[in-house]
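Below: one structure, written as C-alpha cells.
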Amino acid sequence: MRTLNLGILAHVDAGKTSLTERLLFNAGVIDRLGSVDTGDTQTDSLEIERQRGITIRAAVVSFTIGDTAVNLVDTPGHPDFIAEVERVLGLLDAAVVVVSAVEGVQAQTRILVRALQRLAVPFVFFINKVDRVGARYDLVLEDIARQLAVRPVAMSAVIDAGSKLVQVETPDLLAEPFFTVLSETLADNDDALLRDYVTAPDRLTAERLGNSLVGQVARGLVHPAFAGAAMTGAGLSALTSAIATLLPSRALDPDGPIEGKIFKIERGWGGEKLSYMYLTSGTVQLRQYLDLPEGPARVTGIQIFEAGGTHPVTSFHAGQIARVNGLAGARIGDAVGGDLLSGGRHHFAPPTLETRVLARRPSDNAALWLALNQLAEQDPLINLRRNDDADEVFVSLYGEVQKEVIQSTLLADFGLEAIFEESTVICVERLVGTGAGLEIIFKEPNPFMATVGLRVEPRPEGAGNSFALEVDVGQMPASFYRAVEDTVFETLKQGPFGWQIIDCHVAMTAGRHSSPVSTAADFRRLTPLVLATALSAAQTIVCEPIDRFCLEVPAAALSGVHAMLAKSGAITREAAIANGVARLEGTTASTTTQGILQQLPGLTSGMGTMQYSFDHYARMPDPPRSRQRSGANPFNAAEYLLRMR
C-alpha cells in the first residue's frame with residue numbers, strides 16, 4: 001500500500017475543513033459529519049478553534065482510498081497563521097487547493113499557490129460551494145488561469161449552479177467537447193500526443209490521455225479542477241478518485257539512513273513534548289536514539305495516524321508521519337539525522353507586526369515569559385524579543401486575530417491575564433554591499449580562544465538568509481561550526497539599526513581552535529563581533545513592509561475611496577468597474593493598512609471589502625527608523641567585550 005501525504009489548502013472560509021470532514025466521512029473514518037459552525041469537526045481540536053470556527057493548528061488524520069493510505073493535513077486558511085502552513089508544505093506529496101465558487105480567487109489563494117509552485121508540490125483545485133447563490137464555476141476557472149499563472153483543466157460539468165438542485169457530472173474523456181479541450185491542453189507539453197492528435201486521433205485512448213494527465217500533473221504542468229459542494233457531497237466522488245489516481249507520492253527508501261524533519265510540537269497531558277515527525281528515509285524504532293541539532297535523544301513512544309486516530313507502534317518508516325515521545329530538546333524545523341548543519345529556512349515572509357506584552361499582575365511577569373516561550377516553541381515564526389534592561393517583552397505577529405488567539409491561549413492554558421499594547425510595524429534591514437570580518441586567536445583585541453572569519457553579501461529579494469562553510473570542516477569539532485551557524489542567524493535578528501537583516505548570505509571563511517582549551521562558547525561569543533564588523537563594512541538600509549490590497553466598493557463611492565487611498569500614500573495599479581462594483585488593486589505601506597480598513601466602512605456605507613497580504617519590502621525614506629536593541633551590542637565592540645567579560 002502506498003502512502004500519500006496530502007495537504008488541504010485554502011483561503012479562510014473557502015470550505016477547507018468541511019471538505020476534510022466529507023472526505024473522512026466518505027472513507028468511513030467518522031460516523032457523522034462535524035460542522036465548523038457547531039465546533040465539532042474532527043481536525044479542529046483546540047477550544048478556541050471550536051469557538052471561532054477557524055483552523056489555527058495544522059492537524060493530521062489518516063484514511064484509505066483503495067490501496068492508498070492518505071495522511072491528510074488540514075491547515076489554517078487565515079493569513080495570521082501562515083506559519084502553520086509553512087511548516088507542512090515541505091512534507092506534502094501533493095495538495096488540494098480549495099477555492100470558493102462564490103468568492104473565487106482570494107489573497108491567501110495566491111500566496112499558497114505560489115508557495116506550492118516554488119516547492120514543486122503537485123496540486124489540483126476543488127471549486128467548492130457550487131450550490132451557493134452566486135456560484136460561478138466557469139468564471140472562477142477563468143480567474144484561476146488569469147490570476148494564478150497556472151493551467152487549470154476543468155474536470156467537472158456543473159448543472160444548475162447556485163441552487164440546491166445543482167448537479168456535478170464527470171465527463172467521459174473521449175466525449176466531446178471534453179476530448180478536444182483535454183487533448184489540446186495536454187498536447188502543449190507532449191509532442192507525441194500532439195502528433196497523433198493531428199494525424200491519428202483514434203490512437204488517443206482514454207488510458208493514454210489519463211497517463212499523460214497523470215504525468216503532467218506530477219510535473220506541475222497542468223492542474224485539474226473539480227467542482228462540488230463539500231457540505232452535501234456533490235462532486236466528491238471524482239475528487240476522491242483523483243486523489244488516489246492522479247496525485248503522485250514520492251518513492252522513499254525505508255532501508256536507507258534515517259532522515260526526516262520535525263514540523264509540529266504539542267504538549268501532552270503531563271506537559272511532555274510530543275514531536276510530529278515526517279521521515280524521508282529510513283526506519284525509526286522504539287527506544288532508538290535519534291540525532292538532533294541539540295544532541296542525541298531517545299524515542300520513548302511512537303504513534304502513527306491510521307483510520308482517523310492514532311495508534312501506538314514500535315516503528316515507523318519513510319513516508320509516514322508519526323507523533324514521537326521523548327525528544328525533549330526537539331524544536332520545530334529540526335532535521336532528524338542527515339546533515340544537521342544544513343536545513344531549509346522559512347518560505348514565507350516573517351511577521352510584520354509587533355506588540356508589547358504585559359502581565360496584568362506584575363508578579364506574573366516570569367510566568368508570562370515562560371508561557372510565551374512555550375507558545376513560540378510551537379510556532380517558531382512567533383518571534384519573542386526581550387529587553388532585559390527595561391524588563392520588556394515583545395511578540396511579533398501576522399495580524400490582530402493572532403494576537404487575540406495568543407491572549408486567549410495564555411488565559412485558558414496558563415491562567416495568565418496578559419495585556420497586549422497597540423501593534424507596530426516591524427521593519428527590516430538589507431545589505432548594500434559586501435563586507436568581511438576576522439578575529440584571530442591569541443591576537444588582540446580578541447579575548448576568546450577561537451578564530452572566526454566571516455563574509456557577508458546580499459542575496460536576491462525574498463531568498464532569505466543563508467550560511468555556508470568555506471573552510472575545511474575537518475579542522476574542528478562539528479559543534480564549533482554549529483555554534484557559529486546558530487549564532488550567525490541569531491545575530492542577524494538585530495542589525496546596525498536594531499531590525500532583522502534579511503536576504504543575507506554569510507560564509508565562514510576562517511576557523512581555528514586550540515585543543516583542549518577552546519569551547520563552543522568561545523565561538524558563540526566571538527561570532528557576533530566578527531559578523532558586526534562584516535555588516536558594518538557592507539552597510540545596511542532600513543526597509544518597511546508593503547502590502548498588496550484588493551478593494552471592492554460601490555462605484556458611487558469610488559471618488560471618496562480614491563481620495564482616501566491617495567492621502568494614505570497607496571498606489572492603485574489596476575481598476576475595473578462591473579455591475580456597479582469597482583475593484584481596485586494596488587500596494588500600500590503596512591503602516592497605513594489598518595487606517596484604510598477603519599475608514600472603508602464609512603466611505604462605502606458598510607458595503608466595501610478589503611483583502612490584503614504582505615507583498616514586499618521597500619526602502620524607507622531618510623532618516624531611517626531605528627529600534628531599541630536588546631542584549632549586548634556587538635556593533636559597539638568596547639561595550640560588547642565588557643558585557644561578555
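In the C-alpha cells, each chain is lettered A, B, ... as it comes, each chain's residues begin at 1, and ligands are numbered from 1 in order of appearance.
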Quick one: which region 164-259 of chain A residues come within 7 Å of region 4-18 of chain A, and what is the nearest atom pair for each with the distance in Å to one decimal, counting only C-alpha atoms, rows ordered by chain and ascending number, as CSV?
```
residue,atom,partner,partner_atom,distance
A:Ala230,CA,A:Ser18,CA,5.9
A:Met231,CA,A:Ser18,CA,6.4
A:Ser249,CA,A:Leu4,CA,5.3
```
Exercise. Going by DSSP on the backbone, which bits of region 84-323 of chain A are strand (DSSP E or B)? Write them as a PyMOL selection string, please.
Key: chain A and resi 94-100+104+123-128+152-154+157-159+167-169+223-227+229+234+253+259-267+273-281+283-285+289-290+297-298+301-306+309-312+315-317+321-323
Quiz item: Counting only C-alpha atoms, what is within 12 Å of Gly215 (chain A), bar same-chain residues fewer than 4 positions away, as a ChimeraX atom specification?
Solution: /A:122,186,189-190,208-211,219-223,245-248
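Across the structure, CA of Pro554 (chain A) and CA of Ala101 (chain A) are spaced 21.6 Å apart.
Comparing A:Ile571, A:Thr527, A:Ala557, A:Ile501 by their smallest distance to Gly602 (chain A), the closest is A:Ala557 (using only C-alpha atoms).
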Exercise. Within 8 Å of region 528-542 of chain A, counting only C-alpha atoms, which residues show up once you throw out same-chain ones fewer than 3 positions away? Write them as a ChimeraX atom specification, please.
Key: /A:427-439,452-457,487-488,491,495-497,499,524-525,619-620,624-625,634-635,637,640
Mind dumping the selected residues with C-alpha atoms as a PDB file, in the first residue's frame?
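See out.pdb below for the written result:
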```
ATOM      1  CA  CYS A 427      10.927  46.988   9.553  1.00  0.00           C
ATOM      2  CA  VAL A 428      13.909  45.039   8.233  1.00  0.00           C
ATOM      3  CA  GLU A 429      17.431  45.796   7.076  1.00  0.00           C
ATOM      4  CA  ARG A 430      19.041  44.847   3.778  1.00  0.00           C
ATOM      5  CA  LEU A 431      22.694  44.806   2.784  1.00  0.00           C
ATOM      6  CA  VAL A 432      24.000  47.492   0.449  1.00  0.00           C
ATOM      7  CA  GLY A 433      27.248  45.711  -0.478  1.00  0.00           C
ATOM      8  CA  THR A 434      29.651  43.020   0.725  1.00  0.00           C
ATOM      9  CA  GLY A 435      31.850  43.040   3.798  1.00  0.00           C
ATOM     10  CA  ALA A 436      34.170  40.827   5.812  1.00  0.00           C
ATOM     11  CA  GLY A 437      35.350  40.434   9.394  1.00  0.00           C
ATOM     12  CA  LEU A 438      38.103  38.392  11.017  1.00  0.00           C
ATOM     13  CA  GLU A 439      39.256  37.831  14.598  1.00  0.00           C
ATOM     14  CA  VAL A 452      36.375  33.228  13.172  1.00  0.00           C
ATOM     15  CA  GLY A 453      36.303  34.825   9.730  1.00  0.00           C
ATOM     16  CA  LEU A 454      33.008  35.766   8.064  1.00  0.00           C
ATOM     17  CA  ARG A 455      31.985  37.317   4.754  1.00  0.00           C
ATOM     18  CA  VAL A 456      28.533  38.794   4.107  1.00  0.00           C
ATOM     19  CA  GLU A 457      26.887  39.556   0.774  1.00  0.00           C
ATOM     20  CA  THR A 487      24.909  32.447  16.392  1.00  0.00           C
ATOM     21  CA  VAL A 488      25.009  33.977  12.906  1.00  0.00           C
ATOM     22  CA  THR A 491      22.814  37.890  15.432  1.00  0.00           C
ATOM     23  CA  GLY A 495      21.286  44.750  12.569  1.00  0.00           C
ATOM     24  CA  PRO A 496      23.011  48.129  12.974  1.00  0.00           C
ATOM     25  CA  PHE A 497      19.609  49.873  13.262  1.00  0.00           C
ATOM     26  CA  TRP A 499      15.956  45.473  12.896  1.00  0.00           C
ATOM     27  CA  ARG A 524      29.309  31.741  20.188  1.00  0.00           C
ATOM     28  CA  ARG A 525      30.717  34.841  21.899  1.00  0.00           C
ATOM     29  CA  ARG A 619      13.396  51.265   1.385  1.00  0.00           C
ATOM     30  CA  MET A 620      12.165  53.793   3.921  1.00  0.00           C
ATOM     31  CA  PRO A 624      15.840  55.543   8.757  1.00  0.00           C
ATOM     32  CA  ARG A 625      13.838  54.463  11.784  1.00  0.00           C
ATOM     33  CA  PRO A 634      28.300  43.773  19.027  1.00  0.00           C
ATOM     34  CA  PHE A 635      28.313  46.937  16.889  1.00  0.00           C
ATOM     35  CA  ALA A 637      32.958  46.446  20.405  1.00  0.00           C
ATOM     36  CA  TYR A 640      30.180  44.174  23.930  1.00  0.00           C
TER      37      TYR A 640
END
```
Quiz item: CA of Val70 (chain A) to CA of Thr3 (chain A): how many Å, to one decimal?
Solution: 5.9 Å
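For the atom pair formed by CA of Asp196 (chain A) and CA of Ala238 (chain A), the distance is 27.7 Å, given to one decimal.
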